[in-house]
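Reading through the structure tokens given below for one structure.
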Amino acid sequence: MIWYPYEQMKTMKAPYKILDAEGVHLYTKDQKLIDSISSWWCMIHGYKHPELTEAIKEQADRFCHVMLGGLTHEPVEKLSAKLQEFLPGDLDYCFFSDSGSVAVEVSLKMALQYNTNQGRKRPLVLALEHAYHGDTFKAMEVGDDEDYHFAFDKKEGVVHIPTEIPALEEAFEQYHDRLNCFIVEPLLQGAGGMRMYDISFLKRARELCDQYDVLLIFDEVATGFGRTGNRFVADLVLPDILVLGKALTGGYIGHAVTVANHKVFDAFYSDDDRLALMHGPTFMGNPLACAVALKGIEIFEREDYMSKIRHIEQVSRGEMEAFTDPRIKEVRIMGGCVCVEVHDSRNLEGFQQFAYERGVFSRPFLNYMYSMVPYVISDEELIRIFDVMKEWFREK
Ligand SMILES: Cc1ncc(COP(=O)(O)O)c(C=O)c1O
């Protein structure tokens, strides 16, 4: 029996069974659905993209997997070289893993060991209120959402602050000699409620991290590859460690990468074996994942996805910015993300089925109805999603 994610198995509603998927569409036995959330935000090129499918097939005809322990291969060499060129600044060292959560774990391990390798004891992590960084243990600890991880509330190694500059300055003032890193979802906090904040906060964070030699980690698992309207938020403020996942492979195979700058890498580079980074997921650098990621980045650049995302934002603003209802607390829009926050989560009960019957797959959570569309969506399909959201408030 399948144990489904984030569900009380006793009371959960049966999931929709997908028989086929193509472009922005999911097919069930009785519906053709626009996927308004890109399969948990990763499917940026849409489903069954012929070039992505072909990249996987071509690599599968050679070999599907070899480990990176003592071996290497062309797809992983090409992908790390491509990322080195594609990513800003001196983010040059790629440590691959099989999921965003694991890539976050690796980033936190790097930050802690960056200090111990230099003989410094700095056990604390600074993180944001409402942060979500994944479901593994350290990722849960730096996360801050009682709505997800209520069973695990031990947060001894972490200080959480709001996205406000005075709180940031106060935290550095108080804890700077114990902090190894500051980890953030930059500009857009996803699973904690699609919360958006200003770049000035990150600029100030960069200054303080430089002043106190605290590593700045951007978890761009959700925001990377254009979601905020920037290729990466790292293009605006440069972190020491960047974590990417989800859209890295266009959602075709689970894979992620933790990319370190020279300063971080140099703290591990030594004749002493004990200073090495001791981590190695079985499937890191999987050749199928690397091949599809390379093709995905090629398409992202060739098809000028950033202008597609700017257009999606423009249409989203035109359709949703002025939409109001007494039940709505706020409508937030950034790049390829729209969030309608309601005052009471009961106002969204039944919305998923309502949307299903109107040809849209949606998955509201808590007080949030949102879209994070595949970038290949047409205007007509995008507007259909927003019409269904608006119909919900008008008809209910
Ligand atoms: C910002 C962020 N970090 C990490 C993760 C975890 O990624 P994964 O589900 O691939 O483990 C997520 C997943 O939604 C995320 O949004």
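Numbering starts fresh at 1 for the residues of each chain in the structure tokens, the chains themselves are lettered A, B, ... in the order given, and ligands are numbered from 1 as they appear.
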
Proximity check chain A to ligand 1, 10 Å, nearest pairs one decimal Å, only C-alpha atoms and all ligand atoms, as JSON lines:
{"residue": "A:Trp40", "atom": "CA", "partner": "ligand 1", "partner_atom_place_in_ligand_line": "14 (O)", "distance": 6.8}
{"residue": "A:Trp41", "atom": "CA", "partner": "ligand 1", "partner_atom_place_in_ligand_line": "14 (O)", "distance": 7.8}
{"residue": "A:Cys42", "atom": "CA", "partner": "ligand 1", "partner_atom_place_in_ligand_line": "14 (O)", "distance": 9.2}
{"residue": "A:Ser97", "atom": "CA", "partner": "ligand 1", "partner_atom_place_in_ligand_line": "10 (O)", "distance": 9.7}
{"residue": "A:Asp98", "atom": "CA", "partner": "ligand 1", "partner_atom_place_in_ligand_line": "10 (O)", "distance": 7.6}
{"residue": "A:Ser99", "atom": "CA", "partner": "ligand 1", "partner_atom_place_in_ligand_line": "10 (O)", "distance": 4.0}
{"residue": "A:Gly100", "atom": "CA", "partner": "ligand 1", "partner_atom_place_in_ligand_line": "7 (O)", "distance": 3.3}
{"residue": "A:Ser101", "atom": "CA", "partner": "ligand 1", "partner_atom_place_in_ligand_line": "11 (O)", "distance": 3.6}
{"residue": "A:Val102", "atom": "CA", "partner": "ligand 1", "partner_atom_place_in_ligand_line": "11 (O)", "distance": 6.4}
{"residue": "A:Ala103", "atom": "CA", "partner": "ligand 1", "partner_atom_place_in_ligand_line": "4 (C)", "distance": 7.9}
{"residue": "A:Val104", "atom": "CA", "partner": "ligand 1", "partner_atom_place_in_ligand_line": "4 (C)", "distance": 6.5}
{"residue": "A:Glu105", "atom": "CA", "partner": "ligand 1", "partner_atom_place_in_ligand_line": "4 (C)", "distance": 9.5}
{"residue": "A:Ala131", "atom": "CA", "partner": "ligand 1", "partner_atom_place_in_ligand_line": "1 (C)", "distance": 7.9}
{"residue": "A:Tyr132", "atom": "CA", "partner": "ligand 1", "partner_atom_place_in_ligand_line": "1 (C)", "distance": 5.7}
{"residue": "A:His133", "atom": "CA", "partner": "ligand 1", "partner_atom_place_in_ligand_line": "3 (N)", "distance": 3.7}
{"residue": "A:Gly134", "atom": "CA", "partner": "ligand 1", "partner_atom_place_in_ligand_line": "6 (C)", "distance": 3.8}
{"residue": "A:Asp135", "atom": "CA", "partner": "ligand 1", "partner_atom_place_in_ligand_line": "11 (O)", "distance": 6.6}
{"residue": "A:Thr136", "atom": "CA", "partner": "ligand 1", "partner_atom_place_in_ligand_line": "11 (O)", "distance": 7.8}
{"residue": "A:Ala139", "atom": "CA", "partner": "ligand 1", "partner_atom_place_in_ligand_line": "4 (C)", "distance": 7.8}
{"residue": "A:Met140", "atom": "CA", "partner": "ligand 1", "partner_atom_place_in_ligand_line": "4 (C)", "distance": 9.8}
{"residue": "A:Gly143", "atom": "CA", "partner": "ligand 1", "partner_atom_place_in_ligand_line": "3 (N)", "distance": 9.2}
{"residue": "A:Val184", "atom": "CA", "partner": "ligand 1", "partner_atom_place_in_ligand_line": "1 (C)", "distance": 8.3}
{"residue": "A:Glu185", "atom": "CA", "partner": "ligand 1", "partner_atom_place_in_ligand_line": "1 (C)", "distance": 5.6}
{"residue": "A:Pro186", "atom": "CA", "partner": "ligand 1", "partner_atom_place_in_ligand_line": "1 (C)", "distance": 8.9}
{"residue": "A:Leu188", "atom": "CA", "partner": "ligand 1", "partner_atom_place_in_ligand_line": "1 (C)", "distance": 8.8}
{"residue": "A:Gln189", "atom": "CA", "partner": "ligand 1", "partner_atom_place_in_ligand_line": "1 (C)", "distance": 7.0}
{"residue": "A:Gly190", "atom": "CA", "partner": "ligand 1", "partner_atom_place_in_ligand_line": "16 (O)", "distance": 5.7}
{"residue": "A:Ala191", "atom": "CA", "partner": "ligand 1", "partner_atom_place_in_ligand_line": "16 (O)", "distance": 6.0}
{"residue": "A:Gly192", "atom": "CA", "partner": "ligand 1", "partner_atom_place_in_ligand_line": "16 (O)", "distance": 8.8}
{"residue": "A:Phe218", "atom": "CA", "partner": "ligand 1", "partner_atom_place_in_ligand_line": "1 (C)", "distance": 9.0}
{"residue": "A:Asp219", "atom": "CA", "partner": "ligand 1", "partner_atom_place_in_ligand_line": "1 (C)", "distance": 5.5}
{"residue": "A:Glu220", "atom": "CA", "partner": "ligand 1", "partner_atom_place_in_ligand_line": "1 (C)", "distance": 6.0}
{"residue": "A:Val221", "atom": "CA", "partner": "ligand 1", "partner_atom_place_in_ligand_line": "2 (C)", "distance": 4.8}
{"residue": "A:Ala222", "atom": "CA", "partner": "ligand 1", "partner_atom_place_in_ligand_line": "16 (O)", "distance": 4.7}
{"residue": "A:Thr223", "atom": "CA", "partner": "ligand 1", "partner_atom_place_in_ligand_line": "1 (C)", "distance": 7.2}
{"residue": "A:Gly224", "atom": "CA", "partner": "ligand 1", "partner_atom_place_in_ligand_line": "1 (C)", "distance": 9.4}
{"residue": "A:Val243", "atom": "CA", "partner": "ligand 1", "partner_atom_place_in_ligand_line": "3 (N)", "distance": 8.0}
{"residue": "A:Leu244", "atom": "CA", "partner": "ligand 1", "partner_atom_place_in_ligand_line": "3 (N)", "distance": 8.3}
{"residue": "A:Gly245", "atom": "CA", "partner": "ligand 1", "partner_atom_place_in_ligand_line": "10 (O)", "distance": 6.1}
{"residue": "A:Lys246", "atom": "CA", "partner": "ligand 1", "partner_atom_place_in_ligand_line": "10 (O)", "distance": 6.1}
{"residue": "A:Ala247", "atom": "CA", "partner": "ligand 1", "partner_atom_place_in_ligand_line": "10 (O)", "distance": 9.9}
{"residue": "A:Gly251", "atom": "CA", "partner": "ligand 1", "partner_atom_place_in_ligand_line": "10 (O)", "distance": 9.9}
{"residue": "A:Gly254", "atom": "CA", "partner": "ligand 1", "partner_atom_place_in_ligand_line": "10 (O)", "distance": 6.9}
{"residue": "A:His255", "atom": "CA", "partner": "ligand 1", "partner_atom_place_in_ligand_line": "10 (O)", "distance": 7.4}
{"residue": "A:Ala256", "atom": "CA", "partner": "ligand 1", "partner_atom_place_in_ligand_line": "10 (O)", "distance": 7.2}

task: Taking the DSSP assignment computed from this structure's backbone, write out as a PyMOL selection string all residues of range 214-385 of chain A that belong to strand (DSSP E or B).
output: chain A and resi 215-219+241-244+256-261+328-334+337-342+360-361+365+368-371

query: Using only C-alpha atoms, which residues sit within 6 Å of Met372 in chain A once same-chain residues fewer than 4 positions away are excluded, as a list of chain:residue names?
result: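 Skipping anything fewer than 4 positions along the chain leaves A:Ile37, A:Trp41, A:Gly336, A:Cys337.
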
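Here CA of Ile217 in chain A is placed at a distance of 5.7 Å from CA of Pro239 in chain A.
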
- line: Of A:Gly89, A:Gly318, A:Gly226, A:Pro287, the one nearest to Glu77 in chain A when counting only C-alpha atoms is A:Pro287

message: Neighbouring residues of Phe323 in chain A were defined as those with any atom within 12 Å, considering only C-alpha atoms; residues of the same chain fewer than 6 positions away were excluded. Please report them as a VMD selection string.
response: chain A and resid 316 to 317 329 to 333 338 to 341 386 to 387 389 to 391 393 to 394

message: What's around Phe172 in chain A at 10 Å? Count only C-alpha atoms, leave out sequence neighbours fewer than 3 positions away in its own chain, and write the answer as a PyMOL selection string.
response: chain A and resi 126+167-169+175-179+182+205+208-209+211-212+214

Since we have the selection now, will you write its residues out, keeping N, CA and C atoms, as a short mmCIF file (atom, residue, chain, number, x, y, z; two decimals), in the first residue's frame?
data_model
loop_
_atom_site.label_atom_id
_atom_site.label_comp_id
_atom_site.auth_asym_id
_atom_site.auth_seq_id
_atom_site.Cartn_x
_atom_site.Cartn_y
_atom_site.Cartn_z
N LEU A 126 21.51 30.60 11.77
CA LEU A 126 20.47 31.64 11.74
C LEU A 126 19.54 31.31 10.57
N ALA A 167 15.72 43.11 13.16
CA ALA A 167 15.84 41.78 13.78
C ALA A 167 17.11 41.08 13.32
N LEU A 168 17.45 41.27 12.06
CA LEU A 168 18.67 40.69 11.49
C LEU A 168 19.90 41.26 12.19
N GLU A 169 19.92 42.58 12.32
CA GLU A 169 21.08 43.24 12.96
C GLU A 169 21.21 42.81 14.42
N TYR A 175 24.59 36.97 18.40
CA TYR A 175 25.06 35.59 18.19
C TYR A 175 26.26 35.45 17.25
N HIS A 176 26.80 36.54 16.71
CA HIS A 176 27.73 36.42 15.58
C HIS A 176 28.90 35.45 15.83
N ASP A 177 29.38 35.37 17.08
CA ASP A 177 30.54 34.50 17.29
C ASP A 177 30.16 33.03 17.45
N ARG A 178 28.83 32.73 17.42
CA ARG A 178 28.40 31.34 17.48
C ARG A 178 27.72 30.88 16.20
N LEU A 179 27.50 31.81 15.27
CA LEU A 179 26.78 31.45 14.03
C LEU A 179 27.73 30.89 12.98
N PHE A 182 23.86 31.66 7.81
CA PHE A 182 22.50 32.19 7.74
C PHE A 182 21.88 31.57 6.50
N ALA A 205 22.00 41.35 4.85
CA ALA A 205 22.48 40.05 5.34
C ALA A 205 23.87 39.77 4.78
N LEU A 208 26.46 41.80 6.71
CA LEU A 208 26.72 41.28 8.06
C LEU A 208 27.46 39.95 8.01
N CYS A 209 27.12 39.11 7.05
CA CYS A 209 27.82 37.82 6.91
C CYS A 209 29.30 38.07 6.59
N GLN A 211 31.00 40.79 7.38
CA GLN A 211 31.62 41.41 8.57
C GLN A 211 32.03 40.35 9.60
N TYR A 212 31.20 39.31 9.78
CA TYR A 212 31.45 38.35 10.86
C TYR A 212 31.88 36.96 10.35
N VAL A 214 30.30 34.81 8.55
CA VAL A 214 29.20 33.84 8.65
C VAL A 214 28.80 33.50 7.21
#

query: Which of range 80-205 of chain A counts as alpha helix (DSSP H) under DSSP, as a PyMOL selection string please?
result: chain A and resi 80-86+100-116+137-142+165-175+199-205

Any idea what's packed within 10 Å of Ser107 in chain A, counting only C-alpha atoms, ignoring anything in its chain fewer than 6 positions away? Could you give it as a PDB file with N, CA, C and O atoms, in the first residue's frame?
ATOM      1  N   PHE A  95      28.348  19.993  -5.595  1.00  0.00           N
ATOM      2  CA  PHE A  95      28.179  18.714  -4.896  1.00  0.00           C
ATOM      3  C   PHE A  95      26.754  18.241  -5.173  1.00  0.00           C
ATOM      4  O   PHE A  95      25.785  18.853  -4.730  1.00  0.00           O
ATOM      5  N   SER A 101      16.113  18.303  -0.061  1.00  0.00           N
ATOM      6  CA  SER A 101      16.356  18.192   1.384  1.00  0.00           C
ATOM      7  C   SER A 101      17.795  17.759   1.653  1.00  0.00           C
ATOM      8  O   SER A 101      18.461  18.295   2.547  1.00  0.00           O
ATOM      9  N   GLN A 113      31.271  22.543   9.063  1.00  0.00           N
ATOM     10  CA  GLN A 113      32.646  22.045   8.932  1.00  0.00           C
ATOM     11  C   GLN A 113      33.605  23.121   8.416  1.00  0.00           C
ATOM     12  O   GLN A 113      34.807  23.066   8.694  1.00  0.00           O
ATOM     13  N   CYS A 181      26.245  29.873   9.885  1.00  0.00           N
ATOM     14  CA  CYS A 181      25.646  30.313   8.622  1.00  0.00           C
ATOM     15  C   CYS A 181      24.287  30.963   8.849  1.00  0.00           C
ATOM     16  O   CYS A 181      23.685  30.836   9.910  1.00  0.00           O
ATOM     17  N   ILE A 183      20.844  30.754   6.676  1.00  0.00           N
ATOM     18  CA  ILE A 183      20.196  30.094   5.529  1.00  0.00           C
ATOM     19  C   ILE A 183      18.835  30.724   5.273  1.00  0.00           C
ATOM     20  O   ILE A 183      18.059  30.945   6.213  1.00  0.00           O
ATOM     21  N   LEU A 215      28.641  32.217   6.907  1.00  0.00           N
ATOM     22  CA  LEU A 215      28.333  31.856   5.516  1.00  0.00           C
ATOM     23  C   LEU A 215      26.862  32.144   5.210  1.00  0.00           C
ATOM     24  O   LEU A 215      25.979  31.859   6.026  1.00  0.00           O
ATOM     25  N   ILE A 217      23.787  31.164   2.985  1.00  0.00           N
ATOM     26  CA  ILE A 217      23.291  30.059   2.139  1.00  0.00           C
ATOM     27  C   ILE A 217      21.958  30.464   1.535  1.00  0.00           C
ATOM     28  O   ILE A 217      21.035  30.837   2.259  1.00  0.00           O
ATOM     29  N   PHE A 218      21.863  30.396   0.215  1.00  0.00           N
ATOM     30  CA  PHE A 218      20.571  30.589  -0.454  1.00  0.00           C
ATOM     31  C   PHE A 218      20.017  29.218  -0.822  1.00  0.00           C
ATOM     32  O   PHE A 218      20.619  28.498  -1.628  1.00  0.00           O
ATOM     33  N   ASP A 219      18.890  28.882  -0.226  1.00  0.00           N
ATOM     34  CA  ASP A 219      18.173  27.679  -0.635  1.00  0.00           C
ATOM     35  C   ASP A 219      17.246  28.093  -1.775  1.00  0.00           C
ATOM     36  O   ASP A 219      16.147  28.599  -1.548  1.00  0.00           O
ATOM     37  N   ASP A 240      27.348  32.428  -0.366  1.00  0.00           N
ATOM     38  CA  ASP A 240      28.551  31.590  -0.338  1.00  0.00           C
ATOM     39  C   ASP A 240      28.233  30.174  -0.801  1.00  0.00           C
ATOM     40  O   ASP A 240      29.094  29.482  -1.352  1.00  0.00           O
ATOM     41  N   ILE A 241      26.995  29.761  -0.520  1.00  0.00           N
ATOM     42  CA  ILE A 241      26.551  28.420  -0.927  1.00  0.00           C
ATOM     43  C   ILE A 241      25.145  28.561  -1.521  1.00  0.00           C
ATOM     44  O   ILE A 241      24.294  29.245  -0.949  1.00  0.00           O
ATOM     45  N   LEU A 242      24.949  27.926  -2.663  1.00  0.00           N
ATOM     46  CA  LEU A 242      23.652  27.983  -3.347  1.00  0.00           C
ATOM     47  C   LEU A 242      23.123  26.559  -3.484  1.00  0.00           C
ATOM     48  O   LEU A 242      23.855  25.661  -3.908  1.00  0.00           O
ATOM     49  N   VAL A 243      21.849  26.375  -3.115  1.00  0.00           N
ATOM     50  CA  VAL A 243      21.239  25.046  -3.213  1.00  0.00           C
ATOM     51  C   VAL A 243      20.164  25.076  -4.297  1.00  0.00           C
ATOM     52  O   VAL A 243      19.268  25.920  -4.265  1.00  0.00           O
ATOM     53  N   VAL A 257      21.659  20.053  -6.264  1.00  0.00           N
ATOM     54  CA  VAL A 257      23.087  20.357  -6.193  1.00  0.00           C
ATOM     55  C   VAL A 257      23.328  21.441  -5.141  1.00  0.00           C
ATOM     56  O   VAL A 257      22.524  22.359  -4.990  1.00  0.00           O
ATOM     57  N   THR A 258      24.416  21.284  -4.403  1.00  0.00           N
ATOM     58  CA  THR A 258      24.867  22.292  -3.440  1.00  0.00           C
ATOM     59  C   THR A 258      26.132  22.890  -4.044  1.00  0.00           C
ATOM     60  O   THR A 258      27.111  22.165  -4.258  1.00  0.00           O
ATOM     61  N   VAL A 259      26.082  24.178  -4.355  1.00  0.00           N
ATOM     62  CA  VAL A 259      27.211  24.797  -5.062  1.00  0.00           C
ATOM     63  C   VAL A 259      27.946  25.747  -4.102  1.00  0.00           C
ATOM     64  O   VAL A 259      27.337  26.672  -3.556  1.00  0.00           O
ATOM     65  N   ALA A 260      29.221  25.493  -3.911  1.00  0.00           N
ATOM     66  CA  ALA A 260      30.008  26.294  -2.960  1.00  0.00           C
ATOM     67  C   ALA A 260      30.925  27.250  -3.707  1.00  0.00           C
ATOM     68  O   ALA A 260      31.362  26.961  -4.833  1.00  0.00           O
TER      69      ALA A 260
END

message: From the options A:His343, A:His279, A:Arg274, A:His73, which residue's atoms come nearest to Asn117 in chain A, counting only C-alpha atoms?
response: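 That would be A:Arg274, the residue with the smallest distance to Asn117 in chain A.
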
field: Who sits within 10 Å of range 81-83 of chain A, only C-alpha atoms, same chain under 4 positions skipped, as a list in words
entry: Pro75, Val76, Glu77, Leu87, Pro88, Leu91, Asp92, Tyr93, Cys94, Val257, Val259, Ala293, Leu294, Ile297 and Glu298 of chain A

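Using only C-alpha atoms, the shortest contact distance between Ser39 in chain A and any of A:Arg384, A:Arg231, A:Arg363, A:Arg62 is found at A:Arg363.
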